[in-house]
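K.L.:
Got a structure for you, questions after.
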Amino acid sequence: MKFGLIGNPNVGKSLIFNLLTGIGVEISNFPGTTIGMLSGNVCYQREKFEVVDFPGIYSLDGLSEEETEARRFLLRKEADVLIAVLDASRLERNLYLLLQIAEYQIPAIIVLNMMDEAEKKGIFIDTKKLSETLGCEVIPAAATEGKNIEKIIPCALENAKIPSYRVSYDQHIEAALKSLQKILKCERIEAILALEGIGTDKELLDDAQAVRDEIEEQHRMSVHQIIAANRHNEAEKISESVVKSEGRSVSKNIDRLLTRTIPGVPIMAVVLISTLLCVFFIGSFLEETIVGLFDTFLINPMYSAGLSPFSEEIVFSVLIAVEAGLGVAFPYVFTFYILISILEDTGYMTRASFLADRAMHKIGMHGQALIPMVLGFGCNVPAIMSIRQLSKRERIIASFLITMVPCSARTVIIAGIVAAFVGILPALSIYLIIFVLIILTGLVLTKFAPGDQFGMILEIVPMRKPRMKQTLQRAWLRMKEFLFIAMPLLIVSSVILGVLQYTGIINSFQSIFAPFMEAALGLPDYASTALLFGILRKEMAFETLAILAGTANLGSVLTGAQLYIFAIVSVLFVPCISTIAVLYREMGLKIAAAVSFYTLSLGVVAGVILNMIL
Amino acid sequence: MQPEEYEDYLEAIINHSITRINTGSLEKLSEVSGKNSEDTKKDLFELEKNGYIKTDDKGGITLTEEGRRTGECTIKKHRVLEAFLTEMLGIEPDTASKGACVLEHGASEDTINRLKNYIRGHGRCRRRGEHEMFSHFYNCGGKPLTGFSEEDKVVILCTMGGPGRTNRLHDLGIIPGEKIIIKRKLSNGAMVVIIKSCEIGLSPEIASSVFVERI
C-alpha cells in the first residue's frame with residue numbers, strides 16, 4: 001500500500017510527512033523547495049506503509065518539472081491512496097488543485113490543515129458539508145500542534161474513496177471530451193490533458209489539437225484558460241457554500257514594510273550581509289577548533305605511524321579531504337544553512353525574492369533565483385542543486401553565476417591571503433571585482449542564453465514564526481546533500497591528486513606551466529601547483545601555497561601584488577571539483593565544460609591584466 | 001466467407017482479447033457471425049488460411065500482423081462512425097452501435113478520415129501556436145495592471161502571453177472575471193496582488209500582460 005501526499009506549496013505538507021514518517025525531510029516555506037519525491041515509511045497496527053511526498057504544486061497540468069513529475073506519478077497510478085493536504089485559511093485556491101486531483105480517479109482523503117490559523121483569521125469551515133460535496137473524507141487538522149495527525153493513516157486505510165465531485169466544463173469542452181473519449185477510447189482525464197496539449201498518444205494529441213484550435217477560435221481564449229476558469233468557478237462555489245468568514249484582518253505591520261522599496265531593500269541588504277558576517281565569525285571560530293583537533297589527533301599521529309611513503313600519501317589524501325569537508329562544511333556551511341533556513345521558515349525569503357526581482361532581472365534571472373545565489377555563499381554544491389525550480393534558460397545563466405559566487409572556501413582564501421598579508425581594503429576589492437564580473441557575465445548571458453525570459457509569478461507566503469525543529473531539519477537536509485554528494489567526490493579526487501603527486505606527474509605539470517605562470521601572472525612556479533589544488537578544494541590553494549613556499553608567513557616570500565593576483569586567480573579559476581560534478585549531473589556535460597572553461601579563462605585573463613597593471 | 005465477416009471476427013478477437021479457442025470464445029464469436037459454433041470454427045481455419053491469424057495444437061490463437069492491422073482499422077472505423085451517429089445525428093447509442101457495425105465495412109479509410117475531420121469541427125487546420133497571437137486581434141479593453149496603484153480594486157478582463165507565462169497565472173486564479181486588490185506596487189511596476197486571499201508577487205512584464213478594469 002502506497003500513500004501519496006499531495007498539495008499546494010506551503011500547506012504544511014512536508015510537516016505532515018515528517019510527523020507521519022518521523023524522518024528528517026525538508027519543510028518548505030518557499031515555493032518549489034521540495035523537488036523530487038521524498039519517500040518514507042509509516043507503521044500502523046504493525047504493518048508498514050510507504051508514504052510519498054509530492055513536490056508542492058499549484059496545478060497538475062502545468063509545464064514545470066514538478067508538475068510534470070507529479071502528473072506522471074498519478075497517471076501511472078503509482079499511489080494507492082492520495083492524501084490531499086489543503087490549507088484551511090486559503091481553501092478556495094487549494095480546492096483548485098483538489099478538483100484536478102479528483103479527475104485522476106484515485107481513492108483519496110482530504111486533510112484540511114492549518115485549522116488553527118484559519119480560526120485566528122475568523123474563517124470557519126463546515127467540514128461535514130465539504131466532505132459530502134466532494135464525496136471524500138475530510139479530516140480537520142493543525143499539523144503545527146499535531147492535532148488530528150494520528151487520524152490520517154487509519155482514515156486513509158479505511159475510508160479512502162474516489163472523489164465523486166466532477167467539474168462540468170464549458171459545453172464545447174465537454175463535447176470535445178466526449179468525442180475524444182469515444183473515438184479514441186480514452187479516459188476522461190487523458191482527454192482533458194490532451195486538449196491542453198499534454199500526453200504521449202500521438203493520435204489523441206493530433207485529434208485534440210484540431211478540436212482545441214476550433215474551441216480557442218470560438219472562445220478567443222486558450223483551452224487551458226477556459227478549463228482553469230471553470231475549475232476556479234467551481235472551487236469558488238464549493239468554498240462559498242462551506243466557509244463562514246468573519247474577515248478578521250491579521251496583516252502585520254512589519255509585513256507592510258518588507259515589500260516596500262524603502263525600507264525593504266535596505267532591510268534586505270542588512271539581513272543578507274549580517275547573515276554572511278555571522279557565518280564568517282562563527283564559521284572561522286569553529287573551523288580553527290576543528291582543524292586544530294584534526295591536526296593533533298589524526299594527521300600528526302598518522303605521520304608518526306611510520307607508514308610506507310605511498311600509503312602515507314593515500315591516507316594523508318583521505319584525511320585532508322575529510323578535514324576539508326568537516327573543517328569547512330561544518331562550520332561555515334551548516335551555520336549558513338541554519339540562518340538561511342530561519343529566513344525561509346519565517347517567509348521572509350519570498351519577500352526578499354520579490355524585491356530582488358528587479359536587480360536579478362537585469363542579469364537574466366528572476367527573484368526566485370535569489371535563494372540559489374545566496375546559498376552559493378555557503379557552498380556552490382547545494383546552490384547548484386537548488387536551481388532545479390528555475391526555467392531552463394535561467395538554469396543555464398544561474399550555473400555560470402553561482403559558480404562565480406565566492407563560497408565559504410573562497411572566502412577563506414581571500415581572508416587568509418589578502419586580508420592577512422595585504423590588507424582589508426584590497427580584500428574587499430576582490431569581492432568587488434567578483435561582483436562586477438558576475439554582473440557583467442549576467443548581462444552578457446541575458447543576450448545569448450537560449451529560450452525566453454518569463455516574468456516572475458511568485459506566491460508571497462504568510463509570515464510565520466520559525467520553529468526550531470523544522471529549521472534544524474531543513475538545514476540538516478541541505479547539509480546531507482553536501483556530505484553525501486560533495487564529500488565522496490572530495491575524497492576520491494584528493495586521492496587521485498595524491499597519487500599524481502606521488503608519481504611525480506604534478507611536478508612535470510608544474511614544470512610545463514611554470515614559465516607561463518612566471519611570465520603572464522608574475523607568480524613563482526610552485527604557485528601553479530597550489531592553483532591545481534585549488535580545483536580540488538578552494539582553500540587548499542592557500543594551504544598548499546603555504547606548504548610549498550615553506551612558510552606560513554606568505555608576506556615574507558611573495559609581494560603584495562603577487563598575493564593579490566594569486567587570490568584573484570584561484571577564486572575565479574574553475575569551480576572546485578565537487579561543483580563541476582554537480583553541474584554535470586544537473587546540467588549535462590556541455591554546460592559543466594562551458595562553465596569550467598569560462599571560469600578558467602576568466603581567472604587567467606583577470607590575473608594577466610592585473611599583472612600588467614600592478 | 002465475405003471480407004466483412006473477416007473483419008467482424010478480427011474485431012471481436014481484439015475486443016474480447018481472445019487468445020484461445022474454447023466454448024467461451026466460440027460462443028462470443030458465434031454471436032458476431034450469427035452462425036453455429038461448428039461453422040464458426042471452420043471460419044477461423046479459413047481466417048488462418050488467409051493469413052489473418054495463427055492457431056496452434058493447443059487451441060491458442062494469435063493475430064498475424066495483417067490480422068491485427070485489419071482488426072484495428074475496423075475498430076477505429078466503428079468508433080468514428082458511432083461517434084458521428086450519436087454526437088452529430090443524435091441517434092441512440094445502441095442503435096448507433098448496430099448501425100456502425102454495418103457501415104464500417106463499406107466505408108473506405110479515406111471516408112473515415114474525412115468523417116473524423118468533420119467531427120473535429122470541419123477539419124480546419126491552423127498553424128501551431130497561432131492562438132498565442134490572439135492578443136493582436138483580441139482587444140478586451142481595460143488597462144494593464146501596471147496602470148493602477150496600491151489599494152486599487154480591479155477586475156481582470158484578460159491575460160496575454162504564451163502558455164509558459166499564462167498557465168501559471170491561470171492556475172493561481174488570475175483569470176478573466178476575477179477580482180484582485182493591489183497590495184504593493186514598486187516604482188518599476190512590480191506588484192503584490194491579493195487574489196483568492198493569497199498574495200502573489202508579479203514582475204512588471206507579467207503585471208503589464210494582465211488587463212484589468214477598476215471595479
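If you're wondering about the labels, chains in the C-alpha cells are A, B, ... by order shown, residues count from 1 in each chain, ligands from 1 in order shown.
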Using only C-alpha atoms, find the residues of chain A whose closest atom to chain B is at most 6 Å away, then write them as a ChimeraX atom specification.
P.N.:
/A:183,211,455-460
K.L.:
Store the residues of this selection in a file with N, CA and C atoms, as a CSV table (one decimal), in the first residue's frame.
P.N.:
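So the final result, stored in out.csv, reads:
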```csv
chain,number,residue,atom,x,y,z
A,183,ILE,N,-14.1,8.4,-29.7
A,183,ILE,CA,-13.3,8.0,-30.9
A,183,ILE,C,-12.1,7.2,-30.5
A,211,VAL,N,-9.4,20.0,-32.4
A,211,VAL,CA,-10.6,20.5,-31.6
A,211,VAL,C,-10.2,21.7,-30.8
A,455,GLY,N,8.4,36.3,-16.9
A,455,GLY,CA,8.4,37.1,-15.7
A,455,GLY,C,8.3,36.3,-14.4
A,456,MET,N,8.3,37.0,-13.3
A,456,MET,CA,8.2,36.3,-12.0
A,456,MET,C,6.7,36.3,-11.6
A,457,ILE,N,6.3,35.1,-11.2
A,457,ILE,CA,5.0,34.9,-10.6
A,457,ILE,C,5.2,34.1,-9.4
A,458,LEU,N,5.2,34.8,-8.3
A,458,LEU,CA,5.7,34.2,-7.0
A,458,LEU,C,4.7,34.4,-5.9
A,459,GLU,N,4.3,33.3,-5.3
A,459,GLU,CA,3.4,33.4,-4.2
A,459,GLU,C,4.2,33.9,-3.0
A,460,ILE,N,3.7,35.0,-2.3
A,460,ILE,CA,4.3,35.5,-1.1
A,460,ILE,C,3.7,34.8,0.0
```
K.L.:
DSSP on the backbone, then: every residue of stretch 201-445 of chain A marked alpha helix (DSSP H), written as number ranges by chain.
P.N.:
A: 202-219, 223-242, 253-258, 261-294, 300-304, 309-324, 335-346, 348-362, 370-378, 380-385, 392-404, 408-413, 420-421, 424-445
K.L.:
Looking at B:Asp56, B:Ile156, B:Tyr118, B:Ala96, which one is nearest to A:Asp207, with distances taken over only C-alpha atoms?
P.N.:
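Looking at the shortest contact to A:Asp207, the residue is B:Tyr118.
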K.L.:
Grab the atom CA of B:Glu7 to atom CA of A:Ala210 distance for me, in Å with one decimal place.
P.N.:
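If I compute the distance from atom CA of B:Glu7 to atom CA of A:Ala210, I get 29.4 Å.
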K.L.:
Choose the residue, out of A:Glu145, A:Glu313, A:Glu103, A:Glu66, that has the smallest atom-to-atom separation from A:Glu190; count only C-alpha atoms.
P.N.:
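Ranked by minimum distance to A:Glu190, first place goes to A:Glu103.
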K.L.:
Can you list, as a PyMOL selection string, every protein, DNA or RNA residue that comes within 10 Å of stretch 377-386 of chain A when you count only C-alpha atoms, leaving out same-chain residues fewer than 3 positions away?
P.N.:
chain A and resi 32-35+276+279-280+328-329+332-337+340+369+371-374+389-390+395+398-400+402-411+478-482+485-486+575-583+585-587
K.L.:
Give me, as a PyMOL selection string, all polymer residues having an atom no more than 12 Å from B:Asp57, counting only C-alpha atoms and skipping those fewer than 3 positions away in the same chain.
P.N.:
chain B and resi 20-21+54+60-61
K.L.:
Just N, CA and C atoms for this one: save the residues we selected as a PDB file, in the first residue's frame.
P.N.:
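Saved the output as part_29.pdb:
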```pdb
ATOM      1  N   ARG B  20      -7.547 -17.987 -27.191  1.00  0.00           N
ATOM      2  CA  ARG B  20      -7.608 -19.450 -27.307  1.00  0.00           C
ATOM      3  C   ARG B  20      -9.003 -19.858 -27.773  1.00  0.00           C
ATOM      4  N   ILE B  21      -9.075 -21.003 -28.498  1.00  0.00           N
ATOM      5  CA  ILE B  21     -10.382 -21.479 -28.967  1.00  0.00           C
ATOM      6  C   ILE B  21     -10.963 -22.391 -27.903  1.00  0.00           C
ATOM      7  N   LYS B  54      -3.057 -17.070 -36.528  1.00  0.00           N
ATOM      8  CA  LYS B  54      -2.313 -18.330 -36.430  1.00  0.00           C
ATOM      9  C   LYS B  54      -2.912 -19.122 -35.282  1.00  0.00           C
ATOM     10  N   GLY B  60      -4.580 -22.340 -29.119  1.00  0.00           N
ATOM     11  CA  GLY B  60      -4.283 -20.912 -28.939  1.00  0.00           C
ATOM     12  C   GLY B  60      -4.451 -20.149 -30.248  1.00  0.00           C
ATOM     13  N   ILE B  61      -4.872 -18.916 -30.161  1.00  0.00           N
ATOM     14  CA  ILE B  61      -4.987 -18.067 -31.362  1.00  0.00           C
ATOM     15  C   ILE B  61      -4.104 -16.834 -31.202  1.00  0.00           C
TER      16      ILE B  61
END
```
K.L.:
Take atom CA of B:Thr111 and atom CA of B:Ile14 and report the distance between them in Å, one decimal.
P.N.:
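Distance reported for this atom pair: 23.0 Å.
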K.L.:
For A:Glu119, please output as a VMD selection string all residues within 9 Å (counting only C-alpha atoms; exclusion window: fewer than 4 positions along the same chain).
P.N.:
chain A and resid 88 to 89 114 to 115 123 to 124
K.L.:
Please run DSSP on the backbone and report, as a ChimeraX atom specification, all residues within stretch 26-214 of chain B that come out as strand (DSSP E).
P.N.:
/B:53-55,61-63,143-144,153-159,179-185,191-195,198-202,210-214
K.L.:
Please, could you write that set of residues out with C-alpha atoms as a compact mmCIF listing (two decimals), in the first residue's frame?
P.N.:
```
# COMPACT_ATOMS: atom_id res chain seq x y z
CA ILE B 53 -4.49 -15.47 -37.60
CA LYS B 54 -2.31 -18.33 -36.43
CA THR B 55 -3.54 -21.25 -34.35
CA ILE B 61 -4.99 -18.07 -31.36
CA THR B 62 -2.66 -15.20 -32.22
CA LEU B 63 -3.27 -12.44 -34.72
CA LYS B 143 -5.76 48.85 -18.96
CA PRO B 144 -2.69 46.88 -17.97
CA LYS B 153 -9.57 47.03 -6.50
CA VAL B 154 -9.79 45.78 -10.07
CA VAL B 155 -11.40 43.01 -12.08
CA ILE B 156 -9.43 41.01 -14.63
CA LEU B 157 -10.51 41.25 -18.25
CA CYS B 158 -7.87 39.14 -19.93
CA THR B 159 -4.30 37.91 -19.76
CA LYS B 179 -11.26 40.44 -8.61
CA ILE B 180 -7.91 41.46 -7.26
CA ILE B 181 -6.59 44.04 -4.82
CA ILE B 182 -3.23 45.66 -5.43
CA LYS B 183 -1.33 45.43 -2.20
CA ARG B 184 2.03 46.77 -3.23
CA LYS B 185 3.40 48.49 -6.27
CA MET B 191 3.38 44.24 -7.79
CA VAL B 192 1.99 42.20 -4.98
CA VAL B 193 -1.66 41.46 -5.57
CA ILE B 194 -4.17 39.72 -3.34
CA ILE B 195 -6.23 37.14 -5.14
CA CYS B 198 -3.33 34.74 -1.32
CA GLU B 199 -0.59 37.22 -2.05
CA ILE B 200 1.14 36.86 -5.40
CA GLY B 201 4.23 38.79 -6.45
CA LEU B 202 4.34 39.73 -10.14
CA VAL B 210 -2.81 41.36 -17.24
CA PHE B 211 -5.58 43.67 -18.46
CA VAL B 212 -7.99 44.93 -15.85
CA GLU B 213 -10.74 47.44 -15.15
CA ARG B 214 -11.49 49.31 -11.96
```
K.L.:
May I have the residues within 6 Å of stretch 164-174 of chain A as a VMD selection string, using only C-alpha atoms and disregarding those fewer than 4 positions away in the same chain?
P.N.:
chain A and resid 134 to 135 230
K.L.:
Do you know which residues are at most 9 Å from B:Leu44 counting only C-alpha atoms, after dropping those on the same chain fewer than 3 positions away, and could you put them as a PyMOL selection string?
P.N.:
chain B and resi 6+9+39-41+47-49+53+55
K.L.:
So how far away is atom CA of B:Asp110 from atom CA of A:Ala191, in Å?
P.N.:
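Separation of atom CA of A:Ala191 and atom CA of B:Asp110: 24.4 Å.
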